[in-house]
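Participant: Got a file for you: protein13.pdb, PDB, C-alpha atoms and all ligand atoms.
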```pdb
MODEL        1
ATOM      1  CA  MET A   1     202.595 161.674   0.688
ATOM      2  CA  ARG A   2     204.840 162.287  -2.298
ATOM      3  CA  ASN A   3     206.944 164.500  -0.047
ATOM      4  CA  GLY A   4     206.084 162.520   3.035
ATOM      5  CA  GLU A   5     203.103 164.787   3.667
ATOM      6  CA  ILE A   6     199.544 164.386   2.395
ATOM      7  CA  LYS A   7     198.165 167.620   1.011
ATOM      8  CA  ARG A   8     195.568 166.599  -1.531
ATOM      9  CA  VAL A   9     193.308 163.552  -1.644
ATOM     10  CA  LEU A  10     190.539 162.180  -3.799
ATOM     11  CA  VAL A  11     187.799 160.409  -1.859
ATOM     12  CA  LYS A  12     185.558 157.960  -3.716
ATOM     13  CA  PHE A  13     182.153 157.002  -2.284
ATOM     14  CA  SER A  14     179.922 154.451  -3.938
ATOM     15  CA  GLY A  15     176.456 155.553  -4.933
ATOM     16  CA  GLU A  16     175.074 152.760  -2.789
ATOM     17  CA  ALA A  17     176.560 154.404   0.283
ATOM     18  CA  MET A  18     174.299 157.437  -0.307
ATOM     19  CA  ALA A  19     171.194 155.288   0.044
ATOM     20  CA  GLY A  20     171.725 154.205   3.645
ATOM     21  CA  ALA A  21     169.394 151.463   4.832
ATOM     22  CA  ASN A  22     166.818 152.347   2.145
ATOM     23  CA  GLY A  23     168.946 150.742  -0.567
ATOM     24  CA  PHE A  24     167.760 153.399  -3.024
ATOM     25  CA  GLY A  25     167.894 157.166  -3.337
ATOM     26  CA  ILE A  26     169.684 159.579  -1.050
ATOM     27  CA  ASP A  27     169.598 159.465   2.737
ATOM     28  CA  SER A  28     169.933 162.863   4.431
ATOM     29  CA  GLU A  29     171.619 161.427   7.523
ATOM     30  CA  ILE A  30     174.293 159.786   5.388
ATOM     31  CA  LEU A  31     174.850 163.079   3.568
ATOM     32  CA  ARG A  32     175.194 164.860   6.896
ATOM     33  CA  TYR A  33     177.637 162.258   8.207
ATOM     34  CA  ILE A  34     179.863 162.250   5.109
ATOM     35  CA  ALA A  35     179.903 166.043   5.008
ATOM     36  CA  GLY A  36     181.125 166.068   8.622
ATOM     37  CA  GLU A  37     183.944 163.643   7.808
ATOM     38  CA  ILE A  38     185.015 165.746   4.815
ATOM     39  CA  LYS A  39     184.915 168.897   6.942
ATOM     40  CA  LEU A  40     187.528 167.384   9.268
ATOM     41  CA  LEU A  41     189.883 167.049   6.302
ATOM     42  CA  VAL A  42     189.331 170.621   5.146
ATOM     43  CA  GLU A  43     189.865 171.928   8.682
ATOM     44  CA  ASN A  44     193.205 170.151   8.661
ATOM     45  CA  ASN A  45     194.253 171.892   5.442
ATOM     46  CA  ILE A  46     193.799 168.872   3.213
ATOM     47  CA  GLU A  47     192.608 169.683  -0.297
ATOM     48  CA  VAL A  48     189.737 167.389  -1.204
ATOM     49  CA  GLY A  49     188.352 166.092  -4.470
ATOM     50  CA  ILE A  50     185.331 163.773  -4.352
ATOM     51  CA  VAL A  51     183.846 161.261  -6.761
ATOM     52  CA  ILE A  52     180.520 159.587  -5.972
ATOM     53  CA  GLY A  53     179.131 156.603  -7.877
ATOM     54  CA  GLY A  54     175.574 156.284  -9.105
ATOM     55  CA  GLY A  55     174.600 152.770  -8.053
ATOM     56  CA  ASN A  56     171.906 154.028  -5.657
ATOM     57  CA  ILE A  57     169.990 155.337  -8.674
ATOM     58  CA  ILE A  58     170.984 153.407 -11.786
ATOM     59  CA  ARG A  59     173.841 151.393 -13.262
ATOM     60  CA  GLY A  60     174.350 150.928 -16.971
ATOM     61  CA  VAL A  61     174.625 147.160 -16.831
ATOM     62  CA  THR A  62     171.436 146.749 -14.793
ATOM     63  CA  ALA A  63     169.470 149.282 -16.832
ATOM     64  CA  SER A  64     170.324 147.471 -20.053
ATOM     65  CA  ALA A  65     169.632 143.978 -18.703
ATOM     66  CA  GLY A  66     165.977 144.064 -19.809
ATOM     67  CA  GLY A  67     166.953 144.322 -23.489
ATOM     68  CA  ILE A  68     165.214 147.650 -24.162
ATOM     69  CA  ILE A  69     167.835 150.166 -23.079
ATOM     70  CA  ARG A  70     171.117 149.865 -24.935
ATOM     71  CA  ARG A  71     174.203 149.601 -22.743
ATOM     72  CA  THR A  72     175.596 152.917 -23.967
ATOM     73  CA  SER A  73     172.382 154.754 -23.074
ATOM     74  CA  GLY A  74     172.268 152.936 -19.751
ATOM     75  CA  ASP A  75     175.798 154.093 -19.019
ATOM     76  CA  TYR A  76     174.934 157.712 -19.842
ATOM     77  CA  MET A  77     171.962 157.346 -17.488
ATOM     78  CA  GLY A  78     174.386 156.068 -14.847
ATOM     79  CA  MET A  79     176.639 159.077 -15.405
ATOM     80  CA  LEU A  80     173.663 161.413 -14.919
ATOM     81  CA  ALA A  81     172.913 159.578 -11.661
ATOM     82  CA  THR A  82     176.377 160.475 -10.390
ATOM     83  CA  VAL A  83     175.608 164.150 -11.039
ATOM     84  CA  ILE A  84     172.450 163.868  -8.926
ATOM     85  CA  ASN A  85     174.562 162.502  -6.073
ATOM     86  CA  ALA A  86     177.193 165.196  -6.610
ATOM     87  CA  VAL A  87     174.619 167.981  -6.353
ATOM     88  CA  ALA A  88     173.180 166.421  -3.175
ATOM     89  CA  MET A  89     176.636 166.212  -1.624
ATOM     90  CA  GLN A  90     177.364 169.796  -2.629
ATOM     91  CA  GLU A  91     174.263 170.883  -0.701
ATOM     92  CA  ALA A  92     175.326 168.882   2.357
ATOM     93  CA  LEU A  93     178.828 170.351   2.352
ATOM     94  CA  GLU A  94     177.573 173.902   1.831
ATOM     95  CA  HIS A  95     175.047 173.379   4.604
ATOM     96  CA  ILE A  96     177.954 173.145   7.073
ATOM     97  CA  GLY A  97     179.762 176.121   5.627
ATOM     98  CA  LEU A  98     182.186 174.544   3.190
ATOM     99  CA  ASP A  99     183.036 175.941  -0.197
ATOM    100  CA  VAL A 100     182.234 173.474  -2.984
ATOM    101  CA  ARG A 101     182.115 173.214  -6.746
ATOM    102  CA  VAL A 102     180.650 170.407  -8.832
ATOM    103  CA  GLN A 103     182.389 169.801 -12.137
ATOM    104  CA  SER A 104     180.735 167.452 -14.596
ATOM    105  CA  ALA A 105     182.415 165.470 -17.361
ATOM    106  CA  LEU A 106     179.199 165.977 -19.359
ATOM    107  CA  GLU A 107     178.102 169.531 -19.950
ATOM    108  CA  ILE A 108     175.071 170.421 -17.801
ATOM    109  CA  LYS A 109     175.689 174.111 -17.556
ATOM    110  CA  GLU A 110     172.495 175.073 -15.745
ATOM    111  CA  ILE A 111     173.445 172.885 -12.811
ATOM    112  CA  CYS A 112     177.206 172.798 -12.491
ATOM    113  CA  GLU A 113     180.526 173.672 -14.043
ATOM    114  CA  SER A 114     181.994 171.489 -16.749
ATOM    115  CA  TYR A 115     185.173 169.649 -15.906
ATOM    116  CA  ILE A 116     188.105 171.883 -16.650
ATOM    117  CA  TYR A 117     191.338 170.575 -15.242
ATOM    118  CA  ARG A 118     192.998 173.957 -14.638
ATOM    119  CA  LYS A 119     189.877 175.332 -12.983
ATOM    120  CA  ALA A 120     189.631 172.286 -10.727
ATOM    121  CA  ILE A 121     193.216 172.807  -9.572
ATOM    122  CA  ARG A 122     192.501 176.470  -8.874
ATOM    123  CA  HIS A 123     189.453 175.589  -6.761
ATOM    124  CA  LEU A 124     191.491 173.095  -4.757
ATOM    125  CA  GLU A 125     194.287 175.600  -4.196
ATOM    126  CA  LYS A 126     191.707 178.030  -2.828
ATOM    127  CA  GLY A 127     190.512 175.403  -0.349
ATOM    128  CA  ARG A 128     187.321 174.570  -2.217
ATOM    129  CA  ILE A 129     186.135 171.000  -2.404
ATOM    130  CA  VAL A 130     185.630 169.794  -5.963
ATOM    131  CA  ILE A 131     183.088 167.059  -6.651
ATOM    132  CA  PHE A 132     183.688 165.430 -10.007
ATOM    133  CA  GLY A 133     180.403 164.259 -11.560
ATOM    134  CA  ALA A 134     179.440 162.209 -14.625
ATOM    135  CA  GLY A 135     182.323 159.776 -14.295
ATOM    136  CA  THR A 136     184.828 159.938 -17.126
ATOM    137  CA  GLY A 137     182.118 161.168 -19.489
ATOM    138  CA  ASN A 138     182.432 157.909 -21.435
ATOM    139  CA  PRO A 139     180.321 154.745 -21.375
ATOM    140  CA  PHE A 140     181.889 151.392 -20.435
ATOM    141  CA  PHE A 141     183.876 152.908 -17.595
ATOM    142  CA  THR A 142     183.232 152.888 -13.862
ATOM    143  CA  THR A 143     183.299 155.647 -11.303
ATOM    144  CA  ASP A 144     186.298 153.883  -9.705
ATOM    145  CA  THR A 145     188.165 154.511 -12.951
ATOM    146  CA  ALA A 146     186.842 158.078 -13.074
ATOM    147  CA  ALA A 147     188.015 158.639  -9.497
ATOM    148  CA  THR A 148     191.475 157.264 -10.276
ATOM    149  CA  LEU A 149     191.698 159.361 -13.427
ATOM    150  CA  ARG A 150     190.756 162.558 -11.610
ATOM    151  CA  ALA A 151     193.099 161.686  -8.714
ATOM    152  CA  VAL A 152     195.997 161.337 -11.136
ATOM    153  CA  GLU A 153     195.030 164.498 -13.026
ATOM    154  CA  ILE A 154     194.854 166.680  -9.920
ATOM    155  CA  GLY A 155     198.042 165.159  -8.509
ATOM    156  CA  ALA A 156     196.340 163.695  -5.436
ATOM    157  CA  ASP A 157     198.679 162.049  -2.951
ATOM    158  CA  MET A 158     196.277 159.153  -2.548
ATOM    159  CA  ILE A 159     192.841 157.942  -3.547
ATOM    160  CA  ILE A 160     190.684 156.821  -0.647
ATOM    161  CA  LYS A 161     187.986 154.332  -1.498
ATOM    162  CA  ALA A 162     185.472 154.766   1.327
ATOM    163  CA  THR A 163     183.492 151.540   1.691
ATOM    164  CA  LYS A 164     181.464 149.551   4.226
ATOM    165  CA  VAL A 165     184.442 147.385   5.194
ATOM    166  CA  ASP A 166     187.728 148.333   6.803
ATOM    167  CA  GLY A 167     189.984 147.080   4.042
ATOM    168  CA  VAL A 168     190.778 144.418   1.498
ATOM    169  CA  TYR A 169     190.259 140.792   2.501
ATOM    170  CA  THR A 170     191.451 137.494   1.023
ATOM    171  CA  LYS A 171     187.778 136.440   0.812
ATOM    172  CA  ASP A 172     184.410 138.049   1.507
ATOM    173  CA  PRO A 173     184.563 138.664   5.285
ATOM    174  CA  ASN A 174     180.758 138.555   5.491
ATOM    175  CA  LYS A 175     180.714 135.000   4.130
ATOM    176  CA  PHE A 176     183.972 133.402   5.295
ATOM    177  CA  GLU A 177     185.207 133.307   8.863
ATOM    178  CA  ASP A 178     188.798 132.629   7.792
ATOM    179  CA  ALA A 179     188.939 135.742   5.574
ATOM    180  CA  LYS A 180     192.124 137.683   6.349
ATOM    181  CA  LYS A 181     192.604 141.422   6.056
ATOM    182  CA  LEU A 182     195.527 142.524   3.931
ATOM    183  CA  ASP A 183     197.108 145.691   5.293
ATOM    184  CA  VAL A 184     199.359 146.295   2.314
ATOM    185  CA  LEU A 185     199.202 144.795  -1.160
ATOM    186  CA  SER A 186     200.779 145.450  -4.521
ATOM    187  CA  TYR A 187     198.876 146.669  -7.567
ATOM    188  CA  ASP A 188     199.368 143.235  -9.175
ATOM    189  CA  GLU A 189     197.956 141.506  -6.102
ATOM    190  CA  ALA A 190     195.002 143.909  -6.160
ATOM    191  CA  MET A 191     194.268 142.874  -9.745
ATOM    192  CA  GLN A 192     193.842 139.205  -8.837
ATOM    193  CA  GLU A 193     190.326 138.097  -9.544
ATOM    194  CA  HIS A 194     189.222 137.215  -5.999
ATOM    195  CA  ILE A 195     190.487 140.532  -4.564
ATOM    196  CA  LYS A 196     187.833 143.080  -5.274
ATOM    197  CA  VAL A 197     189.414 146.493  -4.751
ATOM    198  CA  MET A 198     188.584 148.259  -8.009
ATOM    199  CA  ASP A 199     188.245 147.200 -11.622
ATOM    200  CA  ASP A 200     191.449 146.453 -13.523
ATOM    201  CA  THR A 201     191.296 149.673 -15.565
ATOM    202  CA  ALA A 202     191.337 151.747 -12.394
ATOM    203  CA  ILE A 203     194.129 149.739 -10.779
ATOM    204  CA  ALA A 204     196.269 149.789 -13.934
ATOM    205  CA  LEU A 205     195.940 153.570 -14.092
ATOM    206  CA  ALA A 206     196.909 153.888 -10.428
ATOM    207  CA  LYS A 207     199.846 151.520 -10.952
ATOM    208  CA  ASP A 208     201.178 153.417 -13.974
ATOM    209  CA  ASN A 209     201.094 156.640 -11.966
ATOM    210  CA  ARG A 210     202.192 155.212  -8.595
ATOM    211  CA  LEU A 211     198.993 156.467  -6.983
ATOM    212  CA  PRO A 212     198.371 154.732  -3.638
ATOM    213  CA  ILE A 213     194.841 153.338  -3.221
ATOM    214  CA  VAL A 214     193.526 153.251   0.334
ATOM    215  CA  VAL A 215     190.453 151.178   1.153
ATOM    216  CA  CYS A 216     188.706 152.037   4.416
ATOM    217  CA  ASN A 217     185.463 151.928   6.336
ATOM    218  CA  MET A 218     183.579 155.191   5.832
ATOM    219  CA  PHE A 219     181.298 154.514   8.792
ATOM    220  CA  ARG A 220     184.076 154.571  11.379
ATOM    221  CA  GLU A 221     184.030 158.138  12.674
ATOM    222  CA  LYS A 222     187.056 160.330  11.942
ATOM    223  CA  ASN A 223     188.490 157.518   9.823
ATOM    224  CA  LEU A 224     189.384 159.671   6.827
ATOM    225  CA  LEU A 225     191.395 162.066   8.946
ATOM    226  CA  GLU A 226     193.092 159.292  10.918
ATOM    227  CA  ILE A 227     194.078 157.521   7.730
ATOM    228  CA  ILE A 228     195.731 160.624   6.419
ATOM    229  CA  ARG A 229     197.622 161.136   9.665
ATOM    230  CA  ASP A 230     198.689 157.528  10.151
ATOM    231  CA  ASN A 231     196.994 154.697   8.324
ATOM    232  CA  ALA A 232     198.405 151.813  10.374
ATOM    233  CA  GLY A 233     195.898 149.045  10.878
ATOM    234  CA  ILE A 234     192.642 150.813  10.087
ATOM    235  CA  CYS A 235     192.614 150.349   6.320
ATOM    236  CA  SER A 236     194.330 148.535   3.449
ATOM    237  CA  ILE A 237     196.728 150.227   1.115
ATOM    238  CA  VAL A 238     197.552 149.230  -2.440
ATOM    239  CA  LYS A 239     200.900 150.618  -3.528
TER     240      LYS A 239
HETATM  241  N1  LIG A 301     179.450 155.242 -15.766
HETATM  242  C1  LIG A 301     179.958 155.300 -17.044
HETATM  243  N2  LIG A 301     181.172 155.898 -17.261
HETATM  244  C2  LIG A 301     181.936 156.379 -16.245
HETATM  245  C3  LIG A 301     181.441 156.279 -14.930
HETATM  246  C4  LIG A 301     180.191 155.709 -14.718
HETATM  247  O1  LIG A 301     179.322 154.859 -17.992
HETATM  248  O2  LIG A 301     183.035 156.913 -16.509
HETATM  249  C5  LIG A 301     178.087 154.717 -15.544
HETATM  250  C6  LIG A 301     177.990 153.196 -15.504
HETATM  251  O3  LIG A 301     176.797 152.809 -16.134
HETATM  252  C7  LIG A 301     177.921 152.904 -14.022
HETATM  253  C8  LIG A 301     177.127 154.071 -13.508
HETATM  254  O4  LIG A 301     177.596 155.180 -14.295
HETATM  255  O5  LIG A 301     177.254 151.688 -13.764
HETATM  256  C9  LIG A 301     177.282 154.387 -12.049
HETATM  257  O6  LIG A 301     178.611 154.279 -11.658
HETATM  258  P1  LIG A 301     179.156 153.052 -10.763
HETATM  259  O7  LIG A 301     178.425 151.785 -11.078
HETATM  260  O8  LIG A 301     180.630 153.029 -10.910
HETATM  261  O9  LIG A 301     178.746 153.553  -9.332
HETATM  262  P2  LIG A 301     178.928 152.885  -7.890
HETATM  263  O10 LIG A 301     178.984 151.397  -8.061
HETATM  264  O11 LIG A 301     180.217 153.415  -7.340
HETATM  265  O12 LIG A 301     177.746 153.376  -7.134
ENDMDL
END
```
Kindly present the structure from the file in structure tokens form.
Ligand code: UDP

Facilitator:
Amino acid sequence: MRNGEIKRVLVKFSGEAMAGANGFGIDSEILRYIAGEIKLLVENNIEVGIVIGGGNIIRGVTASAGGIIRRTSGDYMGMLATVINAVAMQEALEHIGLDVRVQSALEIKEICESYIYRKAIRHLEKGRIVIFGAGTGNPFFTTDTAATLRAVEIGADMIIKATKVDGVYTKDPNKFEDAKKLDVLSYDEAMQEHIKVMDDTAIALAKDNRLPIVVCNMFREKNLLEIIRDNAGICSIVK
């Protein structure tokens, strides 16, 4: 997109998406489906980085709500959850013949590579998918911020937040009939409290680096590829 053409993207999936209808854990059919959508990008010569959340397993805030687990420990537990999802997604992508590396912000050397920026770039240049695990490696951040950070670091042309809805709405479309979809909005508009795109840290980072944020429905088949070709109407874009 920076030269009018999209060559490299970072796709962010929430952990919850991995769970499917179960609401917890990892659903094999969802893995299979997402892997197929990512394959379409690779086949079209798009370099792909992926960040997956951990909400299907544990979130720091929820883990610490009982008063036993301190927030910082809860957050590290959440980061480990994202690595579990990353390894599962790696298996799904390899299962259909794609070349993948997981890089973790926390060192877990028996399971995956550690995050090394230059190595990540090299993998991408060789057509390998890189899944970035363990968030930013720091507590009190979200995987949306981690995804934005990695997108900026690898020079992605856009970050695609793959969700259950087809874009950003003025209100919750599941609750309000008069909710309107916003096709394009500014970073400042995206930071307004009622517009839930990403947390402010993530949006501020995207704004500072002019990184477009695309919000789309991951369950609409071929959506990721169509968005990259021509995003008119099927998503929202923050830029
Ligand atoms: N987390 C963190 N630092 C990061 C990224 C994630 O501490 O840089 C922790 C945090 O506890 C968070 C959990 O990992 O709740 C899972 O990530 P998130 O809630 O963003 O996942 P999602 O909602 O996308 O499934």

Participant: What lies within 12 Å of Gly23 of chain A using only C-alpha atoms, ignoring chain neighbours under 3 positions off, as a list in words?

Facilitator: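 Here the answer would be Gly15, Glu16, Ala17, Met18, Ala19, Gly20, Ile26, Asp27, Gly55, Asn56, Ile57 and Ile58 of chain A.
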
Participant: Taking only C-alpha atoms into account, which of A:Ala88, A:Val11, A:Gly49, A:Val152 comes nearest Gly25 of chain A?

Facilitator: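 Closest candidate: A:Ala88.
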
Participant: Identify which of the residues A:Ser114, A:Asn223, A:Asn44, A:Thr163 lies closest to ligand LIG 301 (chain A), counting only C-alpha atoms and all ligand atoms when measuring atom-to-atom distances.

Facilitator: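 Ranking A:Ser114, A:Asn223, A:Asn44, A:Thr163 by distance to ligand LIG 301 (chain A), first place goes to A:Thr163.
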
Participant: Env of segment 28-38 of chain A: 10 Å cut, atoms = all atoms listed in the file, seq-sep filter 5 positions within chain, self excluded. Answer as a ChimeraX atom specification.

Facilitator: /A:11,13,17-21,43,46-50,85,88-96,98,129,218-225

Participant: Using only C-alpha atoms and all ligand atoms, find each residue in chain A having at least one atom no more than 7 Å away from ligand LIG 301 (chain A); report its shortest atom-to-atom pair and that distance in Å (one decimal), rows by chain then rising number, as CSV.

Facilitator:
```
residue,atom,partner,partner_atom,distance
A:Phe13,CA,A:LIG301,O11,6.5
A:Ser14,CA,A:LIG301,O11,3.6
A:Gly15,CA,A:LIG301,O12,3.4
A:Glu16,CA,A:LIG301,O12,5.1
A:Ile52,CA,A:LIG301,O11,6.3
A:Gly53,CA,A:LIG301,O9,3.4
A:Gly54,CA,A:LIG301,C9,3.9
A:Gly55,CA,A:LIG301,O12,3.3
A:Asn56,CA,A:LIG301,O12,6.1
A:Ile58,CA,A:LIG301,C9,6.4
A:Arg59,CA,A:LIG301,O5,3.5
A:Gly60,CA,A:LIG301,O3,3.2
A:Val61,CA,A:LIG301,O5,6.1
A:Gly74,CA,A:LIG301,O3,5.8
A:Asp75,CA,A:LIG301,O3,3.3
A:Tyr76,CA,A:LIG301,O1,5.6
A:Met77,CA,A:LIG301,O3,6.8
A:Gly78,CA,A:LIG301,O4,3.4
A:Met79,CA,A:LIG301,O4,4.2
A:Ala81,CA,A:LIG301,C9,6.8
A:Thr82,CA,A:LIG301,C9,6.4
A:Ala134,CA,A:LIG301,C3,6.3
A:Gly135,CA,A:LIG301,C3,3.7
A:Thr136,CA,A:LIG301,O2,3.6
A:Gly137,CA,A:LIG301,O2,5.3
A:Asn138,CA,A:LIG301,N2,4.8
A:Pro139,CA,A:LIG301,O1,3.5
A:Phe140,CA,A:LIG301,O1,5.0
A:Phe141,CA,A:LIG301,N2,4.0
A:Thr142,CA,A:LIG301,O8,3.9
A:Thr143,CA,A:LIG301,O8,3.8
A:Asp144,CA,A:LIG301,O8,5.9
A:Thr145,CA,A:LIG301,O2,6.7
A:Ala146,CA,A:LIG301,O2,5.3
```
